[in-house]
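K.L.:
Next comes data05.txt, compact mmCIF, C-alpha atoms:
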# COMPACT_ATOMS: atom_id res chain seq x y z
CA MET A 743 -3.57 9.21 21.71
CA PRO A 744 -3.62 8.74 17.91
CA PRO A 745 -0.42 7.37 16.41
CA ARG A 746 2.23 9.96 15.67
CA PHE A 747 4.09 10.13 12.37
CA ARG A 748 7.70 11.17 12.02
CA VAL A 749 9.61 12.51 9.06
CA THR A 750 11.59 9.49 7.88
CA ALA A 751 13.92 8.75 4.99
CA GLY A 752 11.10 6.82 3.33
CA LEU A 753 8.76 9.80 3.52
CA LEU A 754 11.42 12.11 2.12
CA LEU A 755 12.00 9.64 -0.71
CA ARG A 756 8.29 9.59 -1.56
CA ILE A 757 8.21 13.39 -1.52
CA ALA A 758 11.16 13.37 -3.91
CA VAL A 759 9.40 10.87 -6.19
CA SER A 760 6.21 12.95 -6.27
CA THR A 761 8.16 16.15 -6.89
CA GLY A 762 10.27 14.59 -9.65
CA LEU A 763 7.34 13.02 -11.48
CA LEU A 764 5.29 16.20 -11.16
CA ALA A 765 8.18 18.21 -12.61
CA ALA A 766 8.43 15.73 -15.50
CA ALA A 767 4.71 16.09 -16.19
CA PHE A 768 4.98 19.89 -16.20
CA TRP A 769 7.96 19.65 -18.54
CA LEU A 770 5.74 17.91 -21.09
CA THR A 771 3.42 20.92 -21.29
CA SER A 772 3.94 23.27 -24.21
CA ASP A 773 3.84 26.53 -22.27
CA LYS A 774 2.82 28.02 -18.95
CA LEU A 775 -0.46 26.70 -17.64
CA ASP A 776 -3.43 29.03 -17.86
CA TRP A 777 -4.25 29.19 -14.18
CA SER A 778 -6.97 31.73 -14.95
CA GLN A 779 -9.10 28.73 -15.95
CA LEU A 780 -9.54 28.04 -12.23
CA ALA A 781 -12.10 30.85 -12.23
CA ARG A 782 -14.43 28.37 -13.96
CA LEU A 783 -14.74 26.39 -10.73
CA ASP A 784 -18.10 27.87 -9.86
CA LEU A 785 -20.35 27.10 -6.92
CA PRO A 786 -22.23 24.21 -8.61
CA THR A 787 -18.92 22.50 -9.43
CA ILE A 788 -17.71 22.83 -5.84
CA ALA A 789 -21.09 21.68 -4.51
CA ILE A 790 -21.14 18.57 -6.72
CA SER A 791 -17.54 17.76 -5.79
CA ALA A 792 -18.37 18.16 -2.10
CA ALA A 793 -21.43 15.91 -2.43
CA LEU A 794 -19.39 13.25 -4.21
CA SER A 795 -16.63 13.51 -1.59
CA LEU A 796 -19.13 13.04 1.22
CA ALA A 797 -20.59 10.06 -0.63
CA ILE A 798 -17.12 8.55 -0.84
CA VAL A 799 -16.58 8.96 2.90
CA TRP A 800 -20.00 7.42 3.61
CA LEU A 801 -19.39 4.44 1.30
CA LEU A 802 -15.92 3.78 2.71
CA ALA A 803 -17.14 4.05 6.30
CA TRP A 804 -20.10 1.75 5.64
CA ARG A 805 -17.85 -0.84 3.98
CA TRP A 806 -15.38 -0.68 6.87
CA LEU A 807 -18.22 -1.14 9.36
CA LYS A 808 -19.49 -4.19 7.46
CA VAL A 809 -15.98 -5.66 7.34
CA THR A 810 -15.45 -4.98 11.05
CA ARG A 811 -18.64 -6.87 11.82
CA LEU A 812 -17.09 -9.86 10.06
CA VAL A 813 -14.01 -9.57 12.23
CA ILE A 814 -15.99 -8.92 15.43
CA PRO A 815 -19.42 -10.58 15.05
CA GLU A 816 -20.63 -9.17 18.39
CA ALA A 817 -22.34 -6.05 17.03
CA THR A 818 -22.76 -4.55 20.51
CA ALA A 819 -18.97 -4.33 20.84
CA LEU A 820 -18.61 -2.01 17.86
CA PRO A 821 -18.49 1.80 17.86
CA ARG A 822 -21.30 3.82 16.29
CA PHE A 823 -21.42 4.34 12.52
CA GLY A 824 -20.58 8.00 13.07
CA THR A 825 -17.27 6.93 14.60
CA PHE A 826 -16.43 4.96 11.47
CA VAL A 827 -17.31 7.99 9.34
CA ALA A 828 -15.07 10.26 11.42
CA GLN A 829 -12.14 7.85 11.41
CA THR A 830 -12.50 7.17 7.69
CA TRP A 831 -12.48 10.89 6.95
CA LEU A 832 -9.43 11.35 9.14
CA GLY A 833 -7.66 8.47 7.38
CA LEU A 834 -8.37 10.05 3.99
CA ALA A 835 -6.99 13.37 5.25
CA ALA A 836 -3.80 11.65 6.42
CA ASN A 837 -3.38 10.05 3.01
CA GLN A 838 -3.45 13.52 1.45
CA VAL A 839 -0.24 14.59 3.17
CA LEU A 840 1.53 11.30 3.90
CA PRO A 841 2.40 8.18 1.87
CA SER A 842 -0.66 6.74 0.14
CA ILE A 843 -2.74 4.21 2.10
CA VAL A 844 -0.04 3.36 4.68
CA ALA A 845 -0.51 6.43 6.87
CA GLY A 846 -4.29 6.46 6.75
CA ASP A 847 -4.58 2.75 7.47
CA ALA A 848 -2.16 2.93 10.40
CA LEU A 849 -4.16 5.83 11.80
CA ARG A 850 -7.45 3.95 11.40
CA ILE A 851 -6.02 0.92 13.20
CA GLY A 852 -4.84 3.03 16.11
CA LEU A 853 -8.10 4.93 16.42
CA LEU A 854 -10.27 1.82 16.21
CA ALA A 855 -8.14 0.08 18.84
CA ARG A 856 -8.88 3.01 21.16
CA GLN A 857 -12.55 2.00 21.07
CA ASN A 858 -11.86 -0.84 23.52
CA LEU A 859 -11.30 -3.31 20.65
CA PRO A 860 -8.36 -5.73 20.48
CA LEU A 861 -5.47 -4.43 18.39
CA GLY A 862 -5.48 -7.65 16.36
CA SER A 863 -9.15 -7.22 15.48
CA ALA A 864 -8.64 -3.56 14.56
CA THR A 865 -5.70 -4.52 12.35
CA GLY A 866 -7.67 -7.31 10.72
CA SER A 867 -10.65 -5.09 9.95
CA VAL A 868 -8.52 -2.44 8.27
CA LEU A 869 -6.48 -4.98 6.29
CA LEU A 870 -9.57 -6.82 5.10
CA ASP A 871 -11.26 -3.53 4.24
CA ARG A 872 -8.22 -2.55 2.22
CA VAL A 873 -8.28 -5.88 0.39
CA PHE A 874 -11.87 -5.31 -0.74
CA GLY A 875 -11.04 -1.77 -1.81
CA LEU A 876 -8.09 -2.89 -3.93
CA VAL A 877 -10.03 -5.79 -5.43
CA GLY A 878 -12.85 -3.44 -6.45
CA LEU A 879 -10.39 -1.09 -8.15
CA ALA A 880 -8.55 -3.99 -9.81
CA VAL A 881 -11.84 -5.34 -11.18
CA LEU A 882 -12.69 -1.93 -12.65
CA THR A 883 -9.22 -1.68 -14.17
CA VAL A 884 -9.43 -5.12 -15.79
CA ALA A 885 -12.98 -4.51 -17.05
CA SER A 886 -12.03 -1.24 -18.75
CA ALA A 887 -8.50 -2.12 -19.90
CA PHE A 888 -9.62 -2.73 -23.50
CA LEU A 889 -10.23 1.03 -23.79
CA LEU A 890 -6.59 1.83 -23.03
CA ALA A 891 -3.63 2.06 -25.36
CA PRO A 892 -1.48 -1.12 -25.20
CA ASP A 893 1.56 0.58 -23.69
CA PHE A 894 -0.61 1.78 -20.78
CA ALA A 895 -3.01 -1.16 -20.57
CA ILE A 896 -0.24 -3.72 -20.09
CA PRO A 897 1.34 -2.18 -16.96
CA SER A 898 -2.09 -1.39 -15.45
CA LEU A 899 -3.22 -4.97 -16.07
CA ALA A 900 0.01 -6.18 -14.48
CA VAL A 901 -0.72 -4.21 -11.29
CA ALA A 902 -4.33 -5.45 -11.31
CA ALA A 903 -3.10 -9.02 -11.76
CA ILE A 904 -0.80 -8.62 -8.76
CA VAL A 905 -3.72 -7.38 -6.63
CA LEU A 906 -6.08 -10.15 -7.76
CA GLY A 907 -3.33 -12.76 -7.56
CA GLY A 908 -2.41 -11.66 -4.06
CA THR A 909 -6.05 -11.89 -3.01
CA THR A 910 -6.30 -15.37 -4.47
CA LEU A 911 -3.13 -16.40 -2.67
CA LEU A 912 -4.57 -15.06 0.56
CA ALA A 913 -7.70 -17.15 0.06
CA VAL A 914 -5.62 -20.26 -0.68
CA LEU A 915 -3.45 -19.72 2.40
CA TRP A 916 -6.56 -19.37 4.49
CA ARG A 917 -7.91 -22.63 3.12
CA LEU A 918 -4.65 -24.38 3.99
CA PHE A 919 -3.82 -22.66 7.28
CA GLY A 920 -7.17 -21.15 8.24
CA SER A 921 -6.91 -21.79 11.95
CA ARG A 922 -3.77 -19.65 12.18
CA PHE A 923 -5.18 -16.66 10.29
CA ARG A 924 -8.76 -16.53 11.53
CA ALA A 925 -7.87 -14.41 14.56
CA ILE A 926 -6.78 -11.57 12.27
CA LEU A 927 -8.60 -12.19 8.98
CA PRO A 928 -11.75 -14.25 9.62
CA LEU A 929 -12.43 -15.00 5.96
CA HIS A 930 -14.67 -17.88 6.95
CA HIS A 931 -17.35 -15.24 7.66
CA VAL A 932 -17.13 -13.86 4.10
CA THR A 933 -19.78 -15.56 1.98
CA PRO A 934 -19.77 -15.07 -1.84
CA ALA A 935 -22.77 -12.74 -1.54
CA THR A 936 -21.10 -10.69 1.20
CA GLY A 937 -17.84 -10.50 -0.72
CA ALA A 938 -19.62 -9.40 -3.90
CA ALA A 939 -21.52 -6.70 -2.00
CA LEU A 940 -18.34 -5.33 -0.40
CA VAL A 941 -16.52 -5.31 -3.76
CA ALA A 942 -19.50 -3.52 -5.33
CA MET A 943 -19.36 -0.87 -2.59
CA ALA A 944 -15.66 -0.43 -3.27
CA MET A 945 -16.32 -0.01 -6.98
CA ALA A 946 -19.02 2.60 -6.27
CA ALA A 947 -16.60 4.62 -4.11
CA HIS A 948 -13.90 4.52 -6.79
CA LEU A 949 -16.37 5.60 -9.49
CA ALA A 950 -17.47 8.49 -7.28
CA ASN A 951 -13.82 9.50 -6.96
CA ILE A 952 -13.44 9.40 -10.74
CA ALA A 953 -16.64 11.45 -11.05
CA VAL A 954 -14.97 14.23 -9.04
CA PHE A 955 -12.18 14.34 -11.63
CA LEU A 956 -14.67 14.40 -14.51
CA VAL A 957 -16.68 17.22 -12.91
CA VAL A 958 -13.55 19.30 -12.29
CA ALA A 959 -12.16 18.64 -15.77
CA HIS A 960 -15.49 19.55 -17.39
CA ALA A 961 -15.65 22.80 -15.41
CA LEU A 962 -12.18 23.71 -16.70
CA GLY A 963 -13.32 23.17 -20.28
CA ALA A 964 -11.53 19.87 -20.87
CA ASP A 965 -13.32 17.84 -23.55
CA LEU A 966 -12.60 14.34 -22.27
CA PRO A 967 -14.19 11.18 -23.72
CA LEU A 968 -16.17 9.59 -20.92
CA LEU A 969 -15.43 5.85 -21.05
CA PRO A 970 -11.71 6.10 -22.01
CA THR A 971 -11.18 8.65 -19.24
CA ILE A 972 -12.85 6.38 -16.69
CA ALA A 973 -10.61 3.52 -17.84
CA VAL A 974 -7.51 5.70 -17.54
CA MET A 975 -8.49 6.94 -14.09
CA CYS A 976 -9.11 3.37 -12.85
CA ALA A 977 -5.58 2.43 -13.85
CA VAL A 978 -4.11 5.67 -12.47
CA LEU A 979 -5.85 5.26 -9.11
CA LEU A 980 -4.66 1.66 -8.87
CA VAL A 981 -1.05 2.70 -9.45
CA GLY A 982 -1.52 5.73 -7.19
CA VAL A 983 -2.36 3.64 -4.14
CA LEU A 984 1.14 2.15 -4.16
CA PRO A 985 3.17 3.71 -1.31
CA ILE A 986 5.68 5.31 -3.67
CA SER A 987 4.38 8.87 -3.59
CA VAL A 988 2.47 11.34 -1.46
CA ALA A 989 -1.28 11.13 -2.18
CA GLY A 990 -0.50 9.95 -5.71
CA TRP A 991 0.91 13.35 -6.72
CA GLY A 992 3.25 13.15 -9.69
CA VAL A 993 2.27 9.56 -10.45
CA ARG A 994 -1.24 10.70 -11.34
CA GLU A 995 -0.16 13.67 -13.47
CA LEU A 996 2.49 11.83 -15.48
CA ALA A 997 0.26 8.78 -16.02
CA LEU A 998 -2.66 10.93 -17.16
CA VAL A 999 -0.46 12.84 -19.61
CA GLN A 1000 0.88 9.61 -21.08
CA ALA A 1001 -2.50 7.85 -21.26
CA LEU A 1002 -4.84 10.66 -22.31
CA GLY A 1003 -2.25 11.96 -24.73
CA HIS A 1004 -2.89 8.86 -26.84
CA ILE A 1005 -6.48 9.98 -27.42
CA GLY A 1006 -5.54 13.51 -28.40
CA VAL A 1007 -5.97 15.47 -25.15
CA ALA A 1008 -3.46 18.32 -24.82
CA PRO A 1009 -0.94 17.89 -21.96
CA ASP A 1010 -1.65 21.42 -20.68
CA THR A 1011 -5.33 20.56 -20.24
CA ILE A 1012 -4.54 17.26 -18.54
CA ILE A 1013 -2.06 18.76 -16.09
CA LEU A 1014 -4.36 21.62 -15.12
CA ALA A 1015 -7.30 19.25 -14.61
CA SER A 1016 -5.22 16.77 -12.60
CA VAL A 1017 -3.63 19.37 -10.33
CA THR A 1018 -6.99 21.04 -9.74
CA TYR A 1019 -8.57 17.65 -9.01
CA GLY A 1020 -5.83 16.95 -6.45
CA LEU A 1021 -6.37 20.33 -4.81
CA VAL A 1022 -10.15 19.83 -4.69
CA LEU A 1023 -9.70 16.41 -3.06
CA PHE A 1024 -7.35 17.97 -0.52
CA MET A 1025 -9.88 20.70 0.31
CA MET A 1026 -12.69 18.16 0.68
CA GLN A 1027 -10.73 15.64 2.77
CA ALA A 1028 -8.41 17.87 4.83
CA PRO A 1029 -11.25 18.89 7.21
CA GLY A 1030 -10.97 15.34 8.51
CA PHE A 1031 -8.03 16.56 10.58
CA LEU A 1032 -10.47 18.59 12.63
CA LEU A 1033 -11.84 15.30 13.91
CA LEU A 1034 -8.60 14.72 15.84
CA ALA A 1035 -10.04 16.93 18.53
CA ARG A 1036 -13.12 14.77 18.83
CA ARG A 1037 -13.08 12.24 21.64
CA ASP A 1038 -15.43 9.40 20.73
CA ARG A 1039 -16.57 6.70 23.08
CA PRO A 1040 -17.91 3.32 21.96
Any chance you could give the structure as structure tokens?

P.N.:
Amino acid sequence: MPPRFRVTAGLLLRIAVSTGLLAAAFWLTSDKLDWSQLARLDLPTIAISAALSLAIVWLLAWRWLKVTRLVIPEATALPRFGTFVAQTWLGLAANQVLPSIVAGDALRIGLLARQNLPLGSATGSVLLDRVFGLVGLAVLTVASAFLLAPDFAIPSLAVAAIVLGGTTLLAVLWRLFGSRFRAILPLHHVTPATGAALVAMAMAAHLANIAVFLVVAHALGADLPLLPTIAVMCAVLLVGVLPISVAGWGVRELALVQALGHIGVAPDTIILASVTYGLVLFMMQAPGFLLLARRDRP
């Protein structure tokens, strides 16, 4: 059976953090939000968002499959690609209602281990996949940080530095104590070309995620500058993956208000676009829960 999640004090704390930050973001708006703007979400907008969401699932599943092949070189022992797609989609759905990353990754580990794979190998594949995802986002954040205001660029660069520094430390530890870590994280199979390709796939998935926000914001009439908004979203997504909130709610809204406010975007517009973006992501990823009823075999 898939792993079960319980309501814990940590989860309640993250719900409180999301609720508090979301309330603070709404407090910064000048008046009531014009929810009638949601009528602008026409069929083309929904279709483009759905296509981008499916592309994200495909990219994440393909990257996870490639990483798993590094952990378990025997390709015949791996599940089908469709299984990786289903489990990736389910993990994304879990992250929409439970603490960011942690819940979805734990679910992916449990489901992959059910495919007659060792638990250690399943854990290693998910951890290594997560490392490449975070590195790709950190690289995007660092590359676009010069477009951000200093009071937002500095903390986002600090988080990116922690991610990149942690990855470097992991590589150093492997070089020093490789024989002890290879069973879980077989980094000796990661060549520079392979690593660059996996990071590039991670960057493509993150940019597709940001594209969903841009499409939704444009449909709502928000006039957002392209490159600064991409830079802001890179930093927001990087902070949002920290397990301090539920699906990044609250963290995303308050950060977007603070960052985009520096370039003259009205808080009301930002909040409406961010909340709508979060709801669209939920609608696109929540169907992953339907895959719980599917019983895959390797």

K.L.:
Check the smallest atom-to-atom distance from each of A:Val884, A:Ile952, A:Ile1005, A:Ala942 to Pro967 of chain A using all atoms listed in the file, then report the winner.

P.N.:
A:Ile1005

K.L.:
Let me make sure I understand: among A:Leu853, A:Leu1002, A:Met945, A:Val905, which one has the smallest atom-to-atom distance to Leu890 of chain A if we use all atoms listed in the file?

P.N.:
A:Leu1002

K.L.:
From the options A:Val881, A:Leu912, A:Ala1008, A:Ile798, which residue's atoms come nearest to Ala973 of chain A, counting all atoms listed in the file?

P.N.:
A:Val881

K.L.:
Given the point (-16.8, -2.2, 9.0) in the coordinates of this file, which residues lie within 10 Å, counting all atoms listed in the file, and how would they look as a list in words?

P.N.:
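Those residues, ordered by chain and then number, are Leu802, Ala803, Trp804, Arg805, Trp806, Leu807, Lys808, Val809, Thr810, Arg811, Leu812, Val813, Ile814, Leu820, Pro821, Phe823, Phe826, Ala864, Ser867, Val868, Leu870 and Asp871 of chain A.
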
K.L.:
Find the residues around Ser795 of chain A up to 8 Å (all atoms listed in the file counted), leave out those fewer than 3 positions away in its own chain, and share them as a list of chain:residue names.

P.N.:
A:Ser791, A:Ala792, A:Ile798, A:Val799, A:Ala950, A:Asn951, A:Val954, A:Leu1023, A:Met1026, A:Gln1027

K.L.:
Out of A:Leu785, A:Ala944, A:Ala835, A:Ala819, which residue has the shortest atom-to-atom distance to Ala797 of chain A when counting only C-alpha atoms?

P.N.:
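Residue with the minimum atom-to-atom distance to Ala797 of chain A: A:Ala944.
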
K.L.:
Take atom CA of Ala947 of chain A and atom CA of Phe894 of chain A and report the distance between them in Å, one decimal.

P.N.:
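Atom-to-atom, atom CA of Ala947 of chain A to atom CA of Phe894 of chain A, that is 23.3 Å.
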
K.L.:
With only C-alpha atoms as the basis for distance, which of A:Val1017, A:Ala828, A:Val958, A:Ile788 is at the shortest distance from Gly1030 of chain A?

P.N.:
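Among the listed residues, A:Ala828 lies closest to Gly1030 of chain A.
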
K.L.:
Give me the residues near Val877 of chain A as a ChimeraX atom specification, where near means some atom within 12 Å (using only C-alpha atoms) and where sequence neighbours in that chain fewer than 6 positions away do not count.

P.N.:
/A:870-871,883-884,901-910,937-938,940-945,948,976,980

K.L.:
Please, could you write that set of residues out with C-alpha atoms as an mmCIF file, keeping the file's coordinate frame?

P.N.:
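Saved result, result_13.cif, follows:
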data_model
loop_
_atom_site.group_PDB
_atom_site.id
_atom_site.type_symbol
_atom_site.label_atom_id
_atom_site.label_comp_id
_atom_site.auth_asym_id
_atom_site.auth_seq_id
_atom_site.Cartn_x
_atom_site.Cartn_y
_atom_site.Cartn_z
ATOM 1 C CA LEU A 870 -9.570 -6.820 5.100
ATOM 2 C CA ASP A 871 -11.260 -3.530 4.240
ATOM 3 C CA THR A 883 -9.220 -1.680 -14.170
ATOM 4 C CA VAL A 884 -9.430 -5.120 -15.790
ATOM 5 C CA VAL A 901 -0.720 -4.210 -11.290
ATOM 6 C CA ALA A 902 -4.330 -5.450 -11.310
ATOM 7 C CA ALA A 903 -3.100 -9.020 -11.760
ATOM 8 C CA ILE A 904 -0.800 -8.620 -8.760
ATOM 9 C CA VAL A 905 -3.720 -7.380 -6.630
ATOM 10 C CA LEU A 906 -6.080 -10.150 -7.760
ATOM 11 C CA GLY A 907 -3.330 -12.760 -7.560
ATOM 12 C CA GLY A 908 -2.410 -11.660 -4.060
ATOM 13 C CA THR A 909 -6.050 -11.890 -3.010
ATOM 14 C CA THR A 910 -6.300 -15.370 -4.470
ATOM 15 C CA GLY A 937 -17.840 -10.500 -0.720
ATOM 16 C CA ALA A 938 -19.620 -9.400 -3.900
ATOM 17 C CA LEU A 940 -18.340 -5.330 -0.400
ATOM 18 C CA VAL A 941 -16.520 -5.310 -3.760
ATOM 19 C CA ALA A 942 -19.500 -3.520 -5.330
ATOM 20 C CA MET A 943 -19.360 -0.870 -2.590
ATOM 21 C CA ALA A 944 -15.660 -0.430 -3.270
ATOM 22 C CA MET A 945 -16.320 -0.010 -6.980
ATOM 23 C CA HIS A 948 -13.900 4.520 -6.790
ATOM 24 C CA CYS A 976 -9.110 3.370 -12.850
ATOM 25 C CA LEU A 980 -4.660 1.660 -8.870
#

K.L.:
Calculate how many Å separate atom CA of Tyr1019 of chain A from atom CA of Phe955 of chain A, rounding to one decimal.

P.N.:
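Interatomic distance, atom CA of Tyr1019 of chain A to atom CA of Phe955 of chain A: 5.6 Å.
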
K.L.:
Kindly indicate which residue among A:Ser898, A:Ser1016, A:Thr865, A:Asn858 lies nearest to Ala977 of chain A, using all atoms listed in the file for the distances.

P.N.:
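Of A:Ser898, A:Ser1016, A:Thr865, A:Asn858, the one nearest Ala977 of chain A is A:Ser898, counting all atoms listed in the file.
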
K.L.:
Calculate how many Å separate atom CA of Ala855 of chain A from atom CA of Leu979 of chain A, rounding to one decimal.

P.N.:
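Those two atoms sit 28.5 Å apart.
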